[in-house]
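Source file: target.cif. Holds: mmCIF, C-alpha atoms.
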```cif
data_protein
#
loop_
_atom_site.label_atom_id
_atom_site.label_comp_id
_atom_site.auth_asym_id
_atom_site.auth_seq_id
_atom_site.Cartn_x
_atom_site.Cartn_y
_atom_site.Cartn_z
CA MET X 1 51.55 124.64 111.14
CA SER X 2 54.32 123.88 108.66
CA ASP X 3 55.69 127.45 108.72
CA ALA X 4 55.67 127.39 112.53
CA LEU X 5 57.46 124.04 112.55
CA LEU X 6 60.17 125.29 110.20
CA GLU X 7 60.59 128.37 112.37
CA THR X 8 60.98 126.18 115.45
CA ASP X 9 63.47 123.96 113.63
CA LEU X 10 65.65 126.86 112.51
CA LYS X 11 65.49 128.41 115.96
CA HIS X 12 66.60 125.34 117.90
CA VAL X 13 68.02 122.54 115.68
CA TRP X 14 71.70 122.53 114.72
CA HIS X 15 71.65 120.23 111.67
CA PRO X 16 74.48 117.75 111.04
CA CYS X 17 77.10 118.29 108.35
CA SER X 18 75.64 121.69 107.50
CA GLN X 19 76.50 125.37 107.37
CA MET X 20 73.38 126.67 109.04
CA LYS X 21 73.56 130.00 107.20
CA ASP X 22 72.74 128.09 104.00
CA TYR X 23 69.31 127.40 105.46
CA GLU X 24 68.42 131.09 105.17
CA HIS X 25 68.02 130.72 101.40
CA CYS X 26 67.54 126.95 101.18
CA PRO X 27 65.34 125.91 104.12
CA PRO X 28 65.20 122.28 105.24
CA LEU X 29 62.71 119.92 103.65
CA LEU X 30 59.60 119.50 105.79
CA ILE X 31 59.19 115.71 105.81
CA GLN X 32 55.64 114.49 106.31
CA GLY X 33 56.16 110.90 105.24
CA ALA X 34 58.51 108.50 103.49
CA GLN X 35 57.73 105.37 101.50
CA GLY X 36 59.85 103.22 99.26
CA PRO X 37 62.44 105.38 97.47
CA TYR X 38 60.49 108.62 98.10
CA LEU X 39 60.36 111.34 100.74
CA GLU X 40 56.95 112.99 101.04
CA LEU X 41 56.69 116.75 101.58
CA LYS X 42 53.91 119.18 102.39
CA GLY X 43 51.13 119.06 99.81
CA GLY X 44 52.00 115.51 98.76
CA LYS X 45 55.09 116.36 96.69
CA LYS X 46 57.48 113.42 96.42
CA ILE X 47 61.26 113.63 96.35
CA ILE X 48 63.46 110.73 95.19
CA ASP X 49 65.83 109.77 97.99
CA ALA X 50 68.76 109.35 95.61
CA ILE X 51 71.31 108.92 98.41
CA SER X 52 69.34 106.47 100.58
CA SER X 53 69.23 109.00 103.43
CA TRP X 54 73.00 109.01 103.97
CA TRP X 55 73.45 105.54 102.47
CA CYS X 56 71.46 103.56 105.05
CA LYS X 57 68.13 102.77 103.32
CA PRO X 58 68.84 99.89 100.92
CA LEU X 59 65.27 98.64 101.30
CA GLY X 60 63.73 102.08 101.07
CA HIS X 61 61.44 103.69 103.60
CA GLY X 62 58.67 101.91 105.49
CA HIS X 63 59.52 98.36 104.42
CA PRO X 64 56.65 96.20 105.74
CA ARG X 65 58.77 93.26 106.87
CA LEU X 66 61.07 95.54 108.86
CA LYS X 67 58.12 97.31 110.45
CA GLN X 68 56.64 93.95 111.42
CA ALA X 69 59.92 92.83 113.01
CA LEU X 70 60.14 96.07 114.98
CA LEU X 71 56.60 95.85 116.29
CA ALA X 72 56.93 92.19 117.23
CA GLN X 73 59.98 92.93 119.38
CA LEU X 74 58.31 96.00 120.87
CA ASP X 75 55.62 93.72 122.29
CA CYS X 76 58.33 91.84 124.21
CA TYR X 77 60.75 94.55 125.42
CA GLU X 78 62.60 97.46 123.86
CA HIS X 79 66.03 97.48 125.53
CA VAL X 80 67.93 95.61 128.24
CA ILE X 81 71.55 96.03 129.25
CA ALA X 82 73.76 93.87 127.03
CA ALA X 83 76.38 93.12 129.68
CA HIS X 84 75.74 89.71 131.29
CA THR X 85 72.39 89.13 129.58
CA CYS X 86 71.44 86.69 126.82
CA GLN X 87 68.88 88.08 124.38
CA ALA X 88 67.47 86.32 121.34
CA PRO X 89 67.72 89.28 118.92
CA SER X 90 71.44 89.91 119.47
CA ALA X 91 72.39 86.22 119.75
CA LEU X 92 70.59 85.28 116.54
CA LEU X 93 71.92 88.32 114.68
CA ALA X 94 75.47 87.55 115.79
CA ALA X 95 75.08 84.01 114.44
CA GLN X 96 73.70 85.40 111.17
CA LEU X 97 76.63 87.83 110.80
CA ALA X 98 79.14 85.11 111.69
CA GLN X 99 77.76 83.00 108.84
CA LEU X 100 77.86 85.95 106.44
CA CYS X 101 81.42 86.97 107.42
CA ALA X 102 82.91 83.49 107.92
CA PRO X 103 85.50 82.59 109.04
CA LEU X 104 85.11 85.69 111.24
CA ASP X 105 82.77 84.57 114.00
CA LYS X 106 82.91 86.89 117.03
CA VAL X 107 80.58 89.92 117.03
CA PHE X 108 80.82 93.05 119.17
CA PHE X 109 77.79 95.36 118.84
CA ALA X 110 77.80 99.14 119.01
CA SER X 111 75.59 101.96 117.76
CA GLU X 112 76.65 104.02 114.72
CA GLY X 113 79.52 103.38 112.32
CA SER X 114 82.09 105.61 114.01
CA SER X 115 81.70 103.52 117.16
CA ALA X 116 82.47 100.33 115.27
CA VAL X 117 85.61 101.88 113.79
CA GLU X 118 86.77 103.02 117.25
CA ILE X 119 86.18 99.51 118.60
CA ALA X 120 88.14 97.81 115.82
CA LEU X 121 91.10 100.18 116.17
CA LYS X 122 91.17 99.74 119.96
CA MET X 123 90.86 95.96 119.69
CA SER X 124 93.81 95.86 117.30
CA LEU X 125 96.02 97.99 119.52
CA HIS X 126 95.05 96.04 122.65
CA ALA X 127 95.57 92.68 120.96
CA HIS X 128 99.13 93.58 119.97
CA LEU X 129 99.79 94.81 123.51
CA ILE X 130 98.62 91.48 124.96
CA GLU X 131 100.94 89.66 122.56
CA GLY X 132 103.86 91.79 123.70
CA ASN X 133 104.11 93.81 120.48
CA THR X 134 104.42 97.08 122.38
CA GLN X 135 105.99 98.86 119.40
CA ARG X 136 102.82 98.42 117.30
CA THR X 137 101.06 101.63 118.30
CA GLN X 138 100.32 103.32 114.97
CA PHE X 139 97.66 103.10 112.28
CA MET X 140 97.61 103.52 108.52
CA ALA X 141 94.68 104.47 106.31
CA LEU X 142 94.26 105.27 102.63
CA GLU X 143 94.37 108.70 101.03
CA ASN X 144 90.83 110.10 100.59
CA ALA X 145 89.61 107.84 103.39
CA TYR X 146 86.65 108.64 105.61
CA HIS X 147 85.77 106.52 108.64
CA GLY X 148 83.68 108.73 110.90
CA GLU X 149 83.59 111.68 113.27
CA THR X 150 84.71 110.38 116.67
CA ALA X 151 88.34 111.02 117.60
CA LEU X 152 90.02 107.81 116.44
CA ALA X 153 87.71 107.43 113.44
CA LEU X 154 88.44 111.01 112.36
CA SER X 155 92.16 110.42 112.88
CA VAL X 156 92.14 107.71 110.20
CA SER X 157 90.15 109.92 107.82
CA ASP X 158 91.98 111.92 105.15
CA LEU X 159 89.46 114.66 104.35
CA GLY X 160 90.63 118.07 105.52
CA LEU X 161 87.12 119.50 105.38
CA TYR X 162 86.20 117.31 108.32
CA ARG X 163 89.46 116.92 110.23
CA LYS X 164 91.41 120.18 109.86
CA PRO X 165 89.88 122.11 112.81
CA TYR X 166 90.64 119.22 115.16
CA GLU X 167 94.08 118.09 113.98
CA LYS X 168 95.81 119.04 117.23
CA ILE X 169 93.79 116.48 119.20
CA LEU X 170 93.89 113.68 116.61
CA THR X 171 96.14 110.63 116.71
CA PRO X 172 98.98 110.81 114.14
CA VAL X 173 98.25 108.41 111.28
CA HIS X 174 100.09 107.34 108.12
CA PHE X 175 98.17 107.68 104.84
CA LEU X 176 98.93 105.46 101.86
CA LYS X 177 99.20 107.53 98.67
CA ASN X 178 99.01 106.97 94.90
CA LEU X 179 96.27 104.37 94.87
CA PRO X 180 95.24 102.53 91.69
CA TYR X 181 91.81 104.07 91.06
CA VAL X 182 89.50 102.71 88.36
CA LYS X 183 86.12 103.65 86.88
CA ARG X 184 84.52 100.22 86.86
CA GLU X 185 85.13 96.49 87.21
CA GLY X 186 87.09 94.68 84.52
CA GLU X 187 89.55 97.43 83.63
CA PRO X 188 93.17 96.25 83.29
CA LEU X 189 94.09 98.09 86.51
CA TRP X 190 91.18 96.44 88.32
CA GLN X 191 92.69 93.06 87.45
CA ASP X 192 96.37 93.92 87.99
CA CYS X 193 97.86 96.91 89.83
CA GLY X 194 101.40 95.61 89.55
CA ALA X 195 102.68 98.88 88.08
CA TYR X 196 101.57 100.71 91.23
CA TRP X 197 102.63 98.13 93.77
CA PRO X 198 106.39 98.82 94.11
CA ASP X 199 105.72 102.42 95.19
CA ILE X 200 102.90 101.31 97.51
CA GLU X 201 105.05 98.59 99.05
CA ARG X 202 107.85 101.10 99.72
CA GLN X 203 105.40 103.25 101.65
CA LEU X 204 104.18 100.22 103.59
CA ASP X 205 107.64 98.85 104.39
CA ALA X 206 108.80 102.22 105.72
CA VAL X 207 106.38 101.98 108.67
CA SER X 208 105.77 98.23 108.93
CA ASP X 209 107.53 97.76 112.28
CA THR X 210 105.24 100.16 114.16
CA LEU X 211 101.84 99.51 112.57
CA SER X 212 99.05 97.95 114.56
CA ALA X 213 96.50 97.96 111.73
CA ILE X 214 95.64 99.31 108.32
CA ILE X 215 92.03 100.37 107.86
CA VAL X 216 90.34 100.52 104.45
CA GLU X 217 86.96 101.11 102.91
CA PRO X 218 86.98 98.04 100.66
CA ILE X 219 86.79 98.87 96.92
CA VAL X 220 84.81 102.13 97.26
CA GLN X 221 85.72 105.23 99.26
CA GLY X 222 82.45 106.99 100.06
CA ALA X 223 82.84 110.53 101.40
CA GLY X 224 86.17 110.84 99.56
CA GLY X 225 84.15 111.09 96.34
CA MET X 226 82.80 107.61 95.58
CA LEU X 227 86.26 106.60 94.39
CA ILE X 228 86.70 103.01 93.21
CA TYR X 229 90.06 101.26 93.44
CA SER X 230 91.55 98.04 92.11
CA GLN X 231 90.50 94.78 93.72
CA ASP X 232 94.04 93.57 93.03
CA PHE X 233 95.35 96.32 95.31
CA LEU X 234 93.12 95.08 98.13
CA LYS X 235 94.26 91.51 97.52
CA ARG X 236 97.94 92.49 97.59
CA LEU X 237 97.44 94.64 100.68
CA ARG X 238 95.82 91.75 102.56
CA ALA X 239 98.73 89.47 101.64
CA TRP X 240 101.24 92.08 102.80
CA THR X 241 99.52 92.61 106.16
CA LYS X 242 99.49 88.87 106.78
CA ARG X 243 103.22 88.58 106.09
CA LYS X 244 103.95 91.46 108.45
CA SER X 245 101.52 90.38 111.23
CA ILE X 246 99.62 93.66 110.89
CA HIS X 247 95.84 93.69 111.24
CA LEU X 248 93.59 94.65 108.34
CA ILE X 249 90.35 96.42 109.27
CA ALA X 250 87.65 96.45 106.59
CA ASP X 251 85.22 99.33 107.07
CA GLU X 252 82.20 97.88 105.27
CA ILE X 253 79.80 100.32 106.91
CA MET X 254 78.74 101.77 103.55
CA THR X 255 79.90 99.03 101.18
CA GLY X 256 78.60 96.02 103.11
CA LEU X 257 75.36 94.10 102.59
CA GLY X 258 75.01 94.53 98.85
CA ARG X 259 75.80 98.14 97.95
CA THR X 260 78.76 97.33 95.67
CA GLY X 261 77.10 94.36 93.97
CA ARG X 262 78.45 91.76 96.39
CA LEU X 263 77.15 91.09 99.89
CA LEU X 264 80.58 92.20 101.12
CA ALA X 265 82.94 94.34 99.05
CA CYS X 266 85.86 92.24 100.33
CA GLU X 267 84.49 89.41 98.19
CA TYR X 268 85.78 91.17 95.06
CA ALA X 269 89.34 90.49 96.20
CA ASN X 270 88.45 87.18 97.88
CA ILE X 271 90.02 88.33 101.14
CA VAL X 272 89.13 88.03 104.82
CA PRO X 273 90.21 90.91 107.08
CA ASP X 274 91.00 90.63 110.78
CA PHE X 275 88.17 92.99 111.67
CA MET X 276 85.06 93.90 109.70
CA CYS X 277 82.90 96.89 110.59
CA LEU X 278 79.23 96.81 109.56
CA GLY X 279 76.56 99.48 109.97
CA LYS X 280 74.16 101.69 107.96
CA ASN X 281 72.46 98.98 105.86
CA ILE X 282 72.35 96.50 108.73
CA THR X 283 68.92 97.64 110.01
CA GLY X 284 67.66 98.92 106.69
CA GLY X 285 68.08 102.40 108.16
CA PHE X 286 65.38 101.87 110.80
CA LEU X 287 67.54 102.21 113.91
CA PRO X 288 71.21 102.86 114.79
CA LEU X 289 73.28 99.69 115.00
CA SER X 290 76.81 98.70 114.08
CA ALA X 291 78.97 95.67 114.64
CA VAL X 292 82.60 94.62 114.63
CA VAL X 293 83.12 91.05 113.48
CA THR X 294 86.49 89.47 114.19
CA ARG X 295 88.17 86.09 114.29
CA ASN X 296 88.31 83.67 117.19
CA GLU X 297 92.10 83.96 117.55
CA ILE X 298 91.80 87.64 118.44
CA TYR X 299 88.87 86.95 120.77
CA GLN X 300 90.94 84.33 122.60
CA LEU X 301 93.70 86.85 123.35
CA PHE X 302 91.24 88.68 125.61
CA TYR X 303 89.80 85.51 127.18
CA ASP X 304 91.42 85.21 130.61
CA ASP X 305 90.95 85.85 134.34
CA TYR X 306 89.75 89.38 135.05
CA HIS X 307 92.85 90.53 136.93
CA ARG X 308 95.14 89.82 133.94
CA ASP X 309 94.27 93.14 132.22
CA ARG X 310 92.99 91.38 129.15
CA ASN X 311 89.49 92.81 129.45
CA PHE X 312 88.02 94.73 126.53
CA LEU X 313 85.91 97.19 128.50
CA HIS X 314 84.61 99.33 125.65
CA SER X 315 80.91 99.89 126.33
CA HIS X 316 77.85 101.52 124.81
CA THR X 317 74.59 101.96 126.68
CA PHE X 318 72.58 100.72 123.71
CA SER X 319 74.98 98.01 122.55
CA GLY X 320 72.95 95.09 121.19
CA ASN X 321 69.67 97.02 121.42
CA ALA X 322 66.84 94.51 121.04
CA LEU X 323 64.72 96.61 118.68
CA ALA X 324 67.66 97.32 116.37
CA CYS X 325 68.86 93.71 116.38
CA SER X 326 65.36 92.40 115.63
CA VAL X 327 65.02 94.68 112.62
CA ALA X 328 68.58 93.83 111.53
CA LEU X 329 67.80 90.12 111.55
CA GLU X 330 65.06 90.72 109.01
CA ALA X 331 67.01 93.28 106.98
CA VAL X 332 70.07 91.06 106.59
CA SER X 333 67.81 88.15 105.60
CA ILE X 334 66.14 90.23 102.88
CA LEU X 335 69.42 91.62 101.58
CA SER X 336 70.82 88.09 101.36
CA GLU X 337 67.94 86.74 99.29
CA GLU X 338 68.79 85.71 95.74
CA GLY X 339 65.88 87.68 94.30
CA MET X 340 67.13 90.90 95.90
CA ARG X 341 70.64 90.31 94.59
CA GLN X 342 69.34 89.71 91.06
CA GLN X 343 67.25 92.88 91.19
CA CYS X 344 70.26 94.87 92.37
CA HIS X 345 72.32 93.52 89.48
CA GLN X 346 69.68 94.63 86.97
CA ARG X 347 69.31 98.08 88.54
CA ALA X 348 73.08 98.50 88.72
CA GLN X 349 73.38 97.92 84.97
CA GLN X 350 70.63 100.46 84.35
CA MET X 351 72.24 103.05 86.63
CA ALA X 352 75.59 102.72 84.87
CA ILE X 353 73.96 103.35 81.48
CA LEU X 354 71.89 106.26 82.78
CA MET X 355 74.86 108.05 84.35
CA GLU X 356 76.75 107.74 81.06
CA GLU X 357 73.72 109.26 79.34
CA VAL X 358 73.72 112.17 81.79
CA ALA X 359 77.35 112.87 80.91
CA GLU X 360 76.61 112.65 77.18
CA GLU X 361 73.51 114.85 77.28
CA THR X 362 74.99 117.58 79.46
CA ASN X 363 78.68 117.60 78.43
CA GLN X 364 79.26 118.69 82.03
CA LEU X 365 80.55 115.48 83.62
CA MET X 366 83.86 113.62 83.58
CA ASN X 367 85.31 110.52 85.21
CA VAL X 368 82.03 108.62 85.15
CA ARG X 369 82.37 105.61 87.43
CA HIS X 370 80.11 102.91 88.76
CA ILE X 371 80.01 99.67 90.69
CA GLY X 372 76.96 97.90 92.07
CA MET X 373 74.28 100.35 93.17
CA ILE X 374 76.67 103.32 93.05
CA ALA X 375 77.17 105.68 90.13
CA ALA X 376 79.21 108.89 90.26
CA ALA X 377 80.87 111.55 88.12
CA ASP X 378 82.64 114.89 88.58
CA LEU X 379 81.35 118.22 87.31
CA ILE X 380 83.41 119.88 84.57
CA LEU X 381 83.73 123.51 85.63
CA THR X 382 84.71 126.63 83.72
CA PRO X 383 87.02 129.09 85.54
CA PRO X 384 84.10 131.26 86.76
CA GLN X 385 82.24 128.16 87.98
CA GLN X 386 85.31 126.98 89.88
CA GLN X 387 84.76 129.88 92.27
CA THR X 388 81.24 128.67 93.09
CA ARG X 389 79.85 125.80 95.12
CA ALA X 390 78.86 124.00 91.95
CA GLY X 391 77.70 120.76 93.54
CA TYR X 392 75.57 122.65 96.02
CA ALA X 393 74.00 124.67 93.21
CA VAL X 394 73.08 121.48 91.33
CA TYR X 395 71.71 120.06 94.58
CA GLN X 396 69.36 123.02 94.98
CA GLN X 397 68.11 122.73 91.40
CA ALA X 398 67.54 118.98 91.82
CA LEU X 399 65.46 119.58 94.95
CA LYS X 400 63.14 121.85 92.99
CA LEU X 401 62.79 119.16 90.34
CA GLY X 402 62.15 116.29 92.77
CA ALA X 403 65.39 114.54 93.80
CA LEU X 404 67.62 114.64 96.87
CA LEU X 405 71.15 114.35 95.45
CA ARG X 406 73.45 116.03 98.03
CA PRO X 407 76.74 115.90 96.05
CA LEU X 408 80.14 115.42 97.66
CA GLY X 409 81.77 118.72 96.75
CA ASN X 410 81.63 118.74 92.96
CA THR X 411 81.05 115.00 92.69
CA LEU X 412 77.51 114.02 91.76
CA TYR X 413 76.48 110.53 92.71
CA TRP X 414 73.50 108.21 92.91
CA LEU X 415 73.24 105.75 95.75
CA PRO X 416 69.51 104.97 95.79
CA PRO X 417 67.55 102.26 97.60
CA PHE X 418 67.86 98.84 96.00
CA ILE X 419 64.09 98.65 95.58
CA CYS X 420 63.92 101.53 93.08
CA GLU X 421 61.83 100.70 90.02
CA GLU X 422 63.27 101.25 86.54
CA ALA X 423 60.91 104.19 86.04
CA THR X 424 62.18 105.87 89.21
CA LEU X 425 65.79 105.59 88.08
CA ALA X 426 64.84 106.95 84.66
CA GLU X 427 63.13 109.88 86.38
CA LEU X 428 66.24 110.44 88.50
CA LYS X 429 68.32 110.60 85.34
CA GLU X 430 66.07 113.24 83.77
CA ILE X 431 66.10 115.34 86.95
CA THR X 432 69.89 115.15 87.12
CA VAL X 433 70.22 116.26 83.49
CA LYS X 434 67.87 119.19 84.00
CA ALA X 435 69.56 120.24 87.26
CA ILE X 436 73.00 120.25 85.65
CA LYS X 437 71.77 122.23 82.62
CA MET X 438 70.02 124.77 84.88
CA PHE X 439 73.25 125.25 86.80
CA ALA X 440 75.25 125.59 83.57
CA LEU X 441 72.85 128.25 82.26
CA SER X 442 72.93 130.19 85.52
CA GLY X 443 76.73 130.22 85.46
#
```
Rewrite the coordinates I just gave you, this time as structure tokens.
Amino acid sequence: MSDALLETDLKHVWHPCSQMKDYEHCPPLLIQGAQGPYLELKGGKKIIDAISSWWCKPLGHGHPRLKQALLAQLDCYEHVIAAHTCQAPSALLAAQLAQLCAPLDKVFFASEGSSAVEIALKMSLHAHLIEGNTQRTQFMALENAYHGETALALSVSDLGLYRKPYEKILTPVHFLKNLPYVKREGEPLWQDCGAYWPDIERQLDAVSDTLSAIIVEPIVQGAGGMLIYSQDFLKRLRAWTKRKSIHLIADEIMTGLGRTGRLLACEYANIVPDFMCLGKNITGGFLPLSAVVTRNEIYQLFYDDYHRDRNFLHSHTFSGNALACSVALEAVSILSEEGMRQQCHQRAQQMAILMEEVAEETNQLMNVRHIGMIAAADLILTPPQQQTRAGYAVYQQALKLGALLRPLGNTLYWLPPFICEEATLAELKEITVKAIKMFALSG
């Protein structure tokens, strides 16, 4: 049956973010179960989900409290149109998010993260239009940014691998260069990026009159290579946007709800954006759901008689889905618990040490960096290896050994579920060492 299923998959399924020809020599994993931090394959083999299934499984697979919340809602109803209906799951979740993101207190629900980014960008542009700021029609993002795959979200992403084929249909966007990157909290640059700021401010001032919003992944840029930047930069940027009456959009889709060691990455800089996008972790990876949380002043700009053209008519069929919101209520509650935060802190310290040990034992990694439940490093490649897909080669070796790594180019990273035991992280470290050494020997 398994061979037939794989044959059917390869015949009909076009997998996301993949070159399908790769599957000829590295077929997809046949998943038969998933529990905790593990994926279960045919024959009972377990694979460590070291990337939380694209960063959305902070509580691992099959969490009992999330399953219970899902089933309880399923006994009531599964989905009802969100327009002009009041539903307990979405109302209570909105209140929960408003408390978490205070003073932001208005919540607009969508489906996946790209949708939330589109909504925030459109809200910003529309808000300026209502205020008569018709010149504010442009956006700025950071170099190495990634915000999603839909048109506006891809426009504010700075990764050519994803955007290059579609550049002719994308909105022109300004990208802020020469960012103050760091390897961990507490470095001098983390505390003070003053040496970088004059150049950054010149770039900002050059386009300040036409900007509607600046969008950032707070503190950590995910698909750009798990790059960490100075909290002082984020603090200064927020102050600058306030002075210039330009919106700041915080894309906390990956960083939010505990991944960086704080419930919200914006907390590191003690800033409040105008819009905050949440997703991925919000349902513990059970169901698609995202949200844009904004402040009452922006909400009030759109609050008027219908004929005044102040209506925000962005819509998603499954906006505020009852099943997703019910699971999210429980997931956000768990992620906010003090015990969970303490466990994450302990595991984060262990991960940082283990990644340093991988670098030391292999002599194949540089630029080791870590924050919260994220650890990353870049492969050191010899000239012959530079012509290979080194990260992909390490990925294949790690699969054989029992871990799903899926590097970003030649950047290896761990972004595991928060509920990983110490022994699981130690096992992940050993697998990573062996995978790197196997690649080095083969090269």
Subject >> Selection under test: the PyMOL selection byres ((chain X and resi 370) around 10); residues as JSON, numbers by chain >> reply: {"X": [182, 183, 184, 185, 220, 226, 227, 228, 260, 348, 349, 351, 352, 353, 355, 356, 367, 368, 369, 371, 372, 373, 374, 375, 376, 377, 413, 414]}
Could you tell me which residues the PyMOL selection byres ((chain X and resi 138) around 6) returns for this structure, as a CSV table (one decimal) with C-alpha atoms, in the frame of the given file?
```csv
chain,number,residue,atom,x,y,z
X,136,ARG,CA,102.8,98.4,117.3
X,137,THR,CA,101.1,101.6,118.3
X,139,PHE,CA,97.7,103.1,112.3
X,210,THR,CA,105.2,100.2,114.2
X,211,LEU,CA,101.8,99.5,112.6
X,212,SER,CA,99.0,98.0,114.6
```
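The residues caught by the PyMOL selection byres ((chain X and resi 256) around 9) in this file are X:Pro218, X:Asp251, X:Glu252, X:Ile253, X:Met254, X:Thr255, X:Leu257, X:Gly258, X:Arg259, X:Thr260, X:Arg262, X:Leu263, X:Leu264, X:Ala265, X:Cys266, X:Cys277, X:Leu278, X:Gly279, X:Lys280, X:Asn281, X:Ile282.
Here atom CA of Arg308 of chain X and atom CA of Val107 of chain X stand 22.3 Å from one another.
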Original post:
Any idea what's packed within 12 Å of Thr294 of chain X, counting only C-alpha atoms, ignoring anything in its chain fewer than 5 positions away? Could you give it as JSON, numbers by chain?
Top reply: {"X": [94, 97, 98, 101, 102, 103, 104, 105, 106, 107, 108, 109, 116, 119, 120, 121, 123, 124, 127, 247, 248, 249, 250, 272, 273, 274, 275, 276, 277, 278, 299, 300, 301]}
**OP:** Choose the residue, out of X:His345, X:Leu405, X:Asn410, X:Thr171, that has the smallest atom-to-atom separation from Met366 of chain X; count all atoms listed in the file.
**Re:** X:Asn410
**OP:** One decimal, Å: what's the distance from atom CA of Gly186 of chain X over to atom CA of Leu59 of chain X, could you say?
**Re:** 27.8 Å
